[in-house]
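Have a look at the structure below before the remarks.
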Protein chains: 2
Amino acid sequence: MNTHMRHEADQSPPLESACRVCQLSPVRGQGSVDQAANRACVRNCETRSLAAGRTLVREGEPLHQLYVLCAGWAFYYKQLPDGRRQIAAFLLPGDTLMLEAAYFPSFPAPFSVKALSSIVVCGFAAADAMRLLQGSEARQQELYRARYQLMQSLHSRLFDLGRRTARGRLAQLVLELHERLGSRGMVHDDGSFDFPVRQEHLADALGLTAVYINRTLAQLRREGLMTIENGRLTVFDAPALRQVAQEE
Amino acid sequence: MNTHMRHEADQSPPLESACRVCQLSPVRGQGSVDQAANRACVRNCETRSLAAGRTLVREGEPLHQLYVLCAGWAFYYKQLPDGRRQIAAFLLPGDTLMLEAAYFPSFPAPFSVKALSSIVVCGFAAADAMRLLQGSEARQQELYRARYQLMQSLHSRLFDLGRRTARGRLAQLVLELHERLGSRGMVHDDGSFDFPVRQEHLADALGLTAVYINRTLAQLRREGLMTIENGRLTVFDAPALRQVAQEE
DNA sequence: CGTACAATTGAGTGAGTTCAAGTGGGGTGG
DNA sequence: CCACCCCACTTGAACTCACTCAATTGTACG
């Protein structure tokens, strides 16, 4: 039992720490940073804080900004007037939001972006960010990596929806998040990490219903593979989870 | 590398017409073309002809070429050792293949590419193609459009698999192909177009089985919305199809 | 306490799968 | 010219994974 349980919305990450994270993203560059370019970027960057559930970008709006997600989780999604929603990707702290703004500037956004937890973002004009990126070979590489990961994740999700069972999809998604967070040092030694995702979000990401997500989650929990409790996901048996992901 | 021509399968589209199509693609540019750059491009382009079912790119191979699909259809897909396959996109004559090679050069391909019908492609080193594109504002715009359409199509397919019924998915896919071919003048007045796609491909693209594709197709045919006969798809009632796509 | 929202559980249903058998057309060899 | 084969398509019947509807529990917060 936990004595201190607080609602996520209460603990917005502090703004002053935002640009420290921002610094680590491909857009701002890793390692040695050109100080002049960096100052220019800070001057042009607009830091915003959004509560959980708020919409950052709406499908169809022209793209001209791109963001670094400094703190919190967000997701890309498409929604129909009748309520059907499909989540295309989860974005984690340090990820770049709307990298697409650089692929095809000023086109209408092909999806919406919403804050999953409360978030802090730094916004840049796409053109500025690209100019900054031209400067450094290392940063360019880092940008390629970010694009690549996003594209890979999209194609994996597509395979999931088309060709995997509920258990397989869930295992696959959990493993992907586990890995992405792990490479940022955001996974504890016990295999657990912060997980501000509702079962409804999982359903919308995996093309299932919340009820069935619940049943599947319960099954995986009973089998001792993983659990979700108090906004925290724990992977107990990664190899077994990997096997589920592969076989189903 | 020089243009090299060879003749293979009997019914391959003629090579001499290849570069006329190639000319119409974003990579080669539309309208007025810089003649010097164009000649340079022809010098550097390698034209290849592949029979139906041959693999052009294998998942995991490093990307350094990109292709213009001059004739025939191809598709992006992922396949598991156990045989499960998911088709991510169909590529039509005039489309660019592996545009990703420019997004994140030299990364391993996140999917494979296979010829659906017999095809003719022009291959370019990604770096060369990009340099060529820098030259013209119009071509740059055309490239953005191509990227955008591909990304949009991926997100739509994702929504389809997650949130639409079999009928809805089929209607959606047919309408998308109808539109893309229409804008190239490849749809006849009677609403029909060449369709070298097997029911098995439809199944792998829409996350269904070939048997169920068959049943669903039969239903749409009975309702007088569309039909597939002798490698030719005919849309009888586009508005009704649109309604199916929207509601299911 | 009362409200609100997320998670949980049960029972019945249905969309899509699996297995299996049969049809039809186009190409090939005799 | 026919016989045969191959492959894609078609159809039937049984099955099952995941959905729907509906009620209940748990937790946070005013």
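Numbering starts fresh at 1 for the residues of each chain in the structure tokens, the chains themselves are lettered A, B, ... in the order given, and ligands are numbered from 1 as they appear.
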
Per-residue DSSP, range 21-200 of chain A, filtered to alpha helix (DSSP H), as a PyMOL selection string: chain A and resi 21-23+35-44+100-103+126-135+137-163+166-182+199-200

Expected file: the selected residues, C-alpha atoms, as a CSV table (one decimal), in the first residue's frame:
```csv
chain,number,residue,atom,x,y,z
A,21,VAL,CA,16.4,17.7,-21.7
A,22,CYS,CA,15.9,19.7,-24.8
A,23,GLN,CA,19.7,19.8,-25.0
A,35,GLN,CA,27.5,27.7,-28.4
A,36,ALA,CA,26.5,30.5,-30.8
A,37,ALA,CA,24.0,28.3,-32.7
A,38,ASN,CA,22.7,27.0,-29.4
A,39,ARG,CA,22.1,30.5,-28.0
A,40,ALA,CA,20.3,31.4,-31.2
A,41,CYS,CA,18.1,28.3,-30.8
A,42,VAL,CA,17.3,29.1,-27.1
A,43,ARG,CA,16.3,32.6,-28.2
A,44,ASN,CA,14.0,31.2,-30.8
A,100,GLU,CA,7.3,15.5,-40.1
A,101,ALA,CA,7.3,19.3,-40.2
A,102,ALA,CA,10.8,19.1,-41.6
A,103,TYR,CA,10.0,16.3,-44.1
A,126,ALA,CA,10.9,23.9,-38.6
A,127,ALA,CA,13.2,25.9,-40.9
A,128,ASP,CA,15.3,27.2,-38.0
A,129,ALA,CA,15.7,23.8,-36.5
A,130,MET,CA,16.8,22.4,-39.9
A,131,ARG,CA,19.3,25.3,-40.4
A,132,LEU,CA,20.8,24.5,-36.9
A,133,LEU,CA,21.0,20.8,-37.9
A,134,GLN,CA,23.0,21.5,-41.1
A,135,GLY,CA,25.9,22.7,-38.9
A,137,GLU,CA,27.5,16.1,-38.8
A,138,ALA,CA,26.9,14.4,-35.4
A,139,ARG,CA,23.5,16.2,-35.0
A,140,GLN,CA,22.6,15.2,-38.6
A,141,GLN,CA,23.3,11.6,-37.8
A,142,GLU,CA,21.2,11.9,-34.6
A,143,LEU,CA,18.3,13.3,-36.7
A,144,TYR,CA,18.5,10.4,-39.1
A,145,ARG,CA,18.4,8.0,-36.1
A,146,ALA,CA,15.3,9.7,-34.8
A,147,ARG,CA,13.5,9.6,-38.1
A,148,TYR,CA,14.5,6.0,-38.5
A,149,GLN,CA,13.2,5.0,-35.1
A,150,LEU,CA,9.9,6.7,-35.8
A,151,MET,CA,9.5,5.0,-39.2
A,152,GLN,CA,10.5,1.7,-37.8
A,153,SER,CA,8.0,2.0,-35.0
A,154,LEU,CA,5.2,2.8,-37.4
A,155,HIS,CA,6.0,-0.2,-39.6
A,156,SER,CA,6.1,-2.4,-36.5
A,157,ARG,CA,2.8,-1.2,-35.3
A,158,LEU,CA,1.3,-1.8,-38.7
A,159,PHE,CA,2.6,-5.4,-38.6
A,160,ASP,CA,1.2,-5.8,-35.1
A,161,LEU,CA,-2.3,-4.7,-36.0
A,162,GLY,CA,-2.3,-6.8,-39.2
A,163,ARG,CA,-0.7,-10.0,-38.1
A,166,ALA,CA,-3.8,-9.3,-28.7
A,167,ARG,CA,-1.2,-10.9,-26.4
A,168,GLY,CA,1.5,-10.6,-29.1
A,169,ARG,CA,0.6,-6.9,-29.7
A,170,LEU,CA,0.7,-6.1,-26.1
A,171,ALA,CA,4.0,-7.9,-25.5
A,172,GLN,CA,5.5,-6.2,-28.5
A,173,LEU,CA,4.5,-2.7,-27.4
A,174,VAL,CA,5.7,-3.1,-23.9
A,175,LEU,CA,9.0,-4.4,-25.1
A,176,GLU,CA,9.4,-1.5,-27.5
A,177,LEU,CA,8.7,1.1,-24.7
A,178,HIS,CA,10.9,-0.8,-22.3
A,179,GLU,CA,13.8,-0.6,-24.8
A,180,ARG,CA,13.3,3.0,-25.7
A,181,LEU,CA,13.1,4.1,-22.1
A,182,GLY,CA,16.0,1.9,-21.2
A,199,GLN,CA,-6.0,0.9,-20.7
A,200,GLU,CA,-8.1,2.9,-23.1
```

Might you pull out every residue within 9 Å of Leu217 in chain A, with only C-alpha atoms (C1' of nucleotides) counted and same-chain residues fewer than 3 positions away left off, and present them as number ranges by chain? A: 167, 170, 212-214, 220-222, 226-228

A:Thr55, A:Asn230, A:Thr47, A:Ser118: which is nearest chain C, counting only C-alpha atoms (C1' of nucleotides)? A:Asn230

Looking only at strand (DSSP E or B) from DSSP on the backbone, list the matching residues of range 10-248 of chain A as a PyMOL selection string. chain A and resi 46-50+55-57+62+65-71+74-79+85-91+96-97+108+112-115+119-125+192-194+226-229+232-235

Just want the 12 Å neighbourhood of DA3 in chain D, counted on only C-alpha atoms (C1' of nucleotides), with same-chain residues fewer than 4 positions away dropped. Output as a VMD selection string. chain C and resid 28 to 30

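In this structure, the chain D residues at most 8 Å away from chain B are D:DA8, D:DC9, D:DT10, with only C-alpha atoms (C1' of nucleotides) considered.
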
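As for CA of Leu206 in chain A and CA of Ala51 in chain A, they are spaced 24.2 Å apart.
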
Distance-based interface of chain C with chain A, 8 Å, counting only C-alpha atoms (C1' of nucleotides), as a CSV table (one decimal) with all heavy atoms, in the first residue's frame:
```
chain,number,residue,atom,x,y,z
C,6,DA,P,-11.0,7.9,-17.1
C,6,DA,OP1,-9.9,8.7,-17.7
C,6,DA,OP2,-12.2,7.4,-17.8
C,6,DA,O5',-10.3,6.6,-16.5
C,6,DA,C5',-9.3,6.7,-15.5
C,6,DA,C4',-9.0,5.4,-14.9
C,6,DA,O4',-10.1,5.0,-14.0
C,6,DA,C3',-8.8,4.3,-15.9
C,6,DA,O3',-7.6,3.6,-15.6
C,6,DA,C2',-10.0,3.4,-15.8
C,6,DA,C1',-10.5,3.7,-14.3
C,6,DA,N9,-12.0,3.7,-14.2
C,6,DA,C8,-12.9,4.3,-15.0
C,6,DA,N7,-14.1,4.1,-14.6
C,6,DA,C5,-14.0,3.3,-13.5
C,6,DA,C6,-15.0,2.6,-12.7
C,6,DA,N6,-16.3,2.8,-12.9
C,6,DA,N1,-14.5,1.8,-11.7
C,6,DA,C2,-13.2,1.7,-11.6
C,6,DA,N3,-12.2,2.2,-12.3
C,6,DA,C4,-12.7,3.0,-13.3
C,7,DA,P,-7.2,2.2,-16.3
C,7,DA,OP1,-5.7,2.1,-16.2
C,7,DA,OP2,-7.8,2.2,-17.7
C,7,DA,O5',-7.8,1.1,-15.4
C,7,DA,C5',-7.4,0.9,-14.1
C,7,DA,C4',-8.2,-0.2,-13.4
C,7,DA,O4',-9.6,0.1,-13.4
C,7,DA,C3',-8.0,-1.5,-14.1
C,7,DA,O3',-7.7,-2.5,-13.1
C,7,DA,C2',-9.4,-1.8,-14.7
C,7,DA,C1',-10.3,-1.0,-13.7
C,7,DA,N9,-11.6,-0.6,-14.3
C,7,DA,C8,-11.8,0.2,-15.4
C,7,DA,N7,-13.1,0.5,-15.6
C,7,DA,C5,-13.7,-0.2,-14.6
C,7,DA,C6,-15.1,-0.4,-14.3
C,7,DA,N6,-16.1,0.2,-15.0
C,7,DA,N1,-15.4,-1.1,-13.2
C,7,DA,C2,-14.4,-1.7,-12.5
C,7,DA,N3,-13.1,-1.6,-12.7
C,7,DA,C4,-12.8,-0.9,-13.8
C,8,DT,P,-7.3,-4.0,-13.5
C,8,DT,OP1,-6.4,-4.5,-12.5
C,8,DT,OP2,-6.9,-4.0,-14.9
C,8,DT,O5',-8.7,-4.7,-13.3
C,8,DT,C5',-9.3,-4.7,-12.0
C,8,DT,C4',-10.6,-5.4,-12.1
C,8,DT,O4',-11.6,-4.6,-12.8
C,8,DT,C3',-10.7,-6.8,-12.8
C,8,DT,O3',-10.9,-7.8,-11.8
C,8,DT,C2',-11.8,-6.7,-13.8
C,8,DT,C1',-12.6,-5.5,-13.3
C,8,DT,N1,-13.3,-4.7,-14.3
C,8,DT,C2,-14.7,-4.6,-14.2
C,8,DT,O2,-15.3,-5.2,-13.4
C,8,DT,N3,-15.3,-3.9,-15.2
C,8,DT,C4,-14.7,-3.2,-16.2
C,8,DT,O4,-15.3,-2.5,-17.1
C,8,DT,C5,-13.3,-3.3,-16.3
C,8,DT,C7,-12.5,-2.6,-17.4
C,8,DT,C6,-12.6,-4.0,-15.3
```

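With CA of Thr165 in chain A on one side and CA of Thr216 in chain B on the other, the separation reads 21.7 Å.
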
Can you work out which one of B:Val113, B:Val187, B:Ala205, B:Val57 has the shortest atom-to-atom distance to chain A, counting only C-alpha atoms?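 Among the listed residues, B:Ala205 lies closest to chain A.
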
CA of Gly83 in chain A and CA of Leu97 in chain A are how many Å apart?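 It comes out at 23.8 Å.
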
Give me, as a ChimeraX atom specification, all polymer residues having an atom no more than 8 Å from range 13-24 of chain C, counting only C-alpha atoms (C1' of nucleotides) and skipping those fewer than 6 positions away in the same chain. /B:208-209,212 /D:10-11,15-16,19-20

Produce a file of the selected residues containing all heavy atoms, as a compact mmCIF listing (two decimals), in the first residue's frame.
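Result file follows (result-v6.txt):
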```txt
# COMPACT_ATOMS: atom_id res chain seq x y z
N LEU B 208 -6.09 -9.45 -43.17
CA LEU B 208 -7.17 -10.44 -43.20
C LEU B 208 -6.65 -11.71 -43.87
O LEU B 208 -5.48 -11.80 -44.21
CB LEU B 208 -8.36 -9.87 -43.99
CG LEU B 208 -8.97 -8.59 -43.43
CD1 LEU B 208 -9.82 -7.88 -44.47
CD2 LEU B 208 -9.80 -8.90 -42.19
N THR B 209 -7.54 -12.70 -44.07
CA THR B 209 -7.15 -13.90 -44.79
C THR B 209 -7.70 -13.82 -46.21
O THR B 209 -8.69 -13.14 -46.47
CB THR B 209 -7.73 -15.16 -44.13
OG1 THR B 209 -9.15 -15.04 -44.07
CG2 THR B 209 -7.18 -15.33 -42.74
N TYR B 212 -11.37 -14.67 -46.51
CA TYR B 212 -12.33 -13.66 -46.10
C TYR B 212 -12.36 -12.49 -47.09
O TYR B 212 -13.41 -11.87 -47.30
CB TYR B 212 -12.04 -13.16 -44.70
CG TYR B 212 -13.25 -12.52 -44.06
CD1 TYR B 212 -14.39 -13.25 -43.80
CD2 TYR B 212 -13.26 -11.17 -43.77
CE1 TYR B 212 -15.51 -12.67 -43.26
CE2 TYR B 212 -14.38 -10.57 -43.21
CZ TYR B 212 -15.50 -11.32 -42.96
OH TYR B 212 -16.62 -10.75 -42.42
P DT D 10 -13.56 -15.15 -56.93
OP1 DT D 10 -14.49 -14.58 -57.93
OP2 DT D 10 -13.04 -14.34 -55.81
O5' DT D 10 -14.27 -16.43 -56.30
C5' DT D 10 -14.75 -17.44 -57.18
C4' DT D 10 -15.34 -18.59 -56.37
O4' DT D 10 -14.28 -19.33 -55.76
C3' DT D 10 -16.28 -18.20 -55.24
O3' DT D 10 -17.57 -18.67 -55.58
C2' DT D 10 -15.73 -18.91 -54.00
C1' DT D 10 -14.81 -19.95 -54.60
N1 DT D 10 -13.64 -20.37 -53.79
C2 DT D 10 -13.58 -21.68 -53.39
O2 DT D 10 -14.43 -22.51 -53.65
N3 DT D 10 -12.46 -22.00 -52.64
C4 DT D 10 -11.43 -21.14 -52.27
O4 DT D 10 -10.49 -21.55 -51.61
C5 DT D 10 -11.57 -19.78 -52.73
C7 DT D 10 -10.52 -18.78 -52.39
C6 DT D 10 -12.66 -19.46 -53.46
P DT D 11 -18.89 -18.22 -54.82
OP1 DT D 11 -20.03 -18.25 -55.77
OP2 DT D 11 -18.57 -16.99 -54.10
O5' DT D 11 -19.10 -19.38 -53.78
C5' DT D 11 -19.17 -20.74 -54.24
C4' DT D 11 -19.17 -21.69 -53.07
O4' DT D 11 -17.82 -21.88 -52.60
C3' DT D 11 -19.99 -21.26 -51.85
O3' DT D 11 -21.02 -22.22 -51.64
C2' DT D 11 -18.99 -21.21 -50.71
C1' DT D 11 -17.87 -22.11 -51.21
N1 DT D 11 -16.52 -21.81 -50.68
C2 DT D 11 -15.74 -22.84 -50.20
O2 DT D 11 -16.11 -23.99 -50.17
N3 DT D 11 -14.51 -22.47 -49.75
C4 DT D 11 -13.99 -21.17 -49.72
O4 DT D 11 -12.86 -20.95 -49.30
C5 DT D 11 -14.85 -20.15 -50.23
C7 DT D 11 -14.40 -18.72 -50.26
C6 DT D 11 -16.07 -20.51 -50.69
P DC D 15 -16.75 -27.58 -34.00
OP1 DC D 15 -16.03 -28.74 -33.44
OP2 DC D 15 -18.10 -27.20 -33.53
O5' DC D 15 -15.80 -26.30 -33.85
C5' DC D 15 -14.53 -26.32 -34.51
C4' DC D 15 -13.89 -24.95 -34.38
O4' DC D 15 -14.63 -23.99 -35.19
C3' DC D 15 -13.87 -24.38 -32.95
O3' DC D 15 -12.54 -24.01 -32.66
C2' DC D 15 -14.79 -23.16 -33.04
C1' DC D 15 -14.63 -22.75 -34.49
N1 DC D 15 -15.70 -21.92 -35.10
C2 DC D 15 -15.36 -20.72 -35.73
O2 DC D 15 -14.17 -20.38 -35.75
N3 DC D 15 -16.33 -19.96 -36.29
C4 DC D 15 -17.61 -20.37 -36.26
N4 DC D 15 -18.50 -19.58 -36.84
C5 DC D 15 -17.98 -21.59 -35.62
C6 DC D 15 -17.01 -22.33 -35.06
P DT D 16 -12.10 -23.83 -31.10
OP1 DT D 16 -11.15 -24.92 -30.83
OP2 DT D 16 -13.30 -23.65 -30.25
O5' DT D 16 -11.30 -22.45 -31.08
C5' DT D 16 -10.93 -21.79 -32.29
C4' DT D 16 -10.77 -20.29 -32.01
O4' DT D 16 -11.84 -19.58 -32.68
C3' DT D 16 -10.89 -19.87 -30.55
O3' DT D 16 -10.15 -18.69 -30.38
C2' DT D 16 -12.35 -19.56 -30.42
C1' DT D 16 -12.54 -18.81 -31.74
N1 DT D 16 -13.94 -18.66 -32.20
C2 DT D 16 -14.24 -17.59 -33.02
O2 DT D 16 -13.41 -16.79 -33.40
N3 DT D 16 -15.56 -17.52 -33.40
C4 DT D 16 -16.57 -18.38 -33.02
O4 DT D 16 -17.71 -18.21 -33.42
C5 DT D 16 -16.18 -19.47 -32.16
C7 DT D 16 -17.21 -20.45 -31.70
C6 DT D 16 -14.90 -19.54 -31.79
P DC D 19 -11.47 -6.40 -29.63
OP1 DC D 19 -11.16 -5.19 -30.40
OP2 DC D 19 -11.02 -6.55 -28.22
O5' DC D 19 -13.05 -6.61 -29.71
C5' DC D 19 -13.65 -6.68 -30.99
C4' DC D 19 -15.16 -6.55 -30.87
O4' DC D 19 -15.68 -7.73 -30.20
C3' DC D 19 -15.64 -5.35 -30.06
O3' DC D 19 -16.72 -4.73 -30.75
C2' DC D 19 -16.06 -5.94 -28.72
C1' DC D 19 -16.47 -7.35 -29.10
N1 DC D 19 -16.21 -8.34 -28.02
C2 DC D 19 -17.25 -9.14 -27.54
O2 DC D 19 -18.37 -9.00 -28.03
N3 DC D 19 -16.98 -10.04 -26.55
C4 DC D 19 -15.75 -10.15 -26.06
N4 DC D 19 -15.55 -11.05 -25.10
C5 DC D 19 -14.67 -9.35 -26.54
C6 DC D 19 -14.94 -8.46 -27.50
P DT D 20 -17.30 -3.34 -30.11
OP1 DT D 20 -17.68 -2.50 -31.26
OP2 DT D 20 -16.37 -2.85 -29.08
O5' DT D 20 -18.63 -3.78 -29.34
C5' DT D 20 -19.52 -4.70 -29.96
C4' DT D 20 -20.70 -4.95 -29.04
O4' DT D 20 -20.37 -6.00 -28.10
C3' DT D 20 -21.13 -3.73 -28.21
O3' DT D 20 -22.54 -3.61 -28.31
C2' DT D 20 -20.69 -4.08 -26.79
C1' DT D 20 -20.72 -5.60 -26.80
N1 DT D 20 -19.75 -6.27 -25.90
C2 DT D 20 -20.15 -7.34 -25.13
O2 DT D 20 -21.29 -7.76 -25.12
N3 DT D 20 -19.16 -7.90 -24.36
C4 DT D 20 -17.84 -7.50 -24.29
O4 DT D 20 -17.04 -8.07 -23.56
C5 DT D 20 -17.49 -6.38 -25.12
C7 DT D 20 -16.09 -5.87 -25.11
C6 DT D 20 -18.44 -5.82 -25.88
```
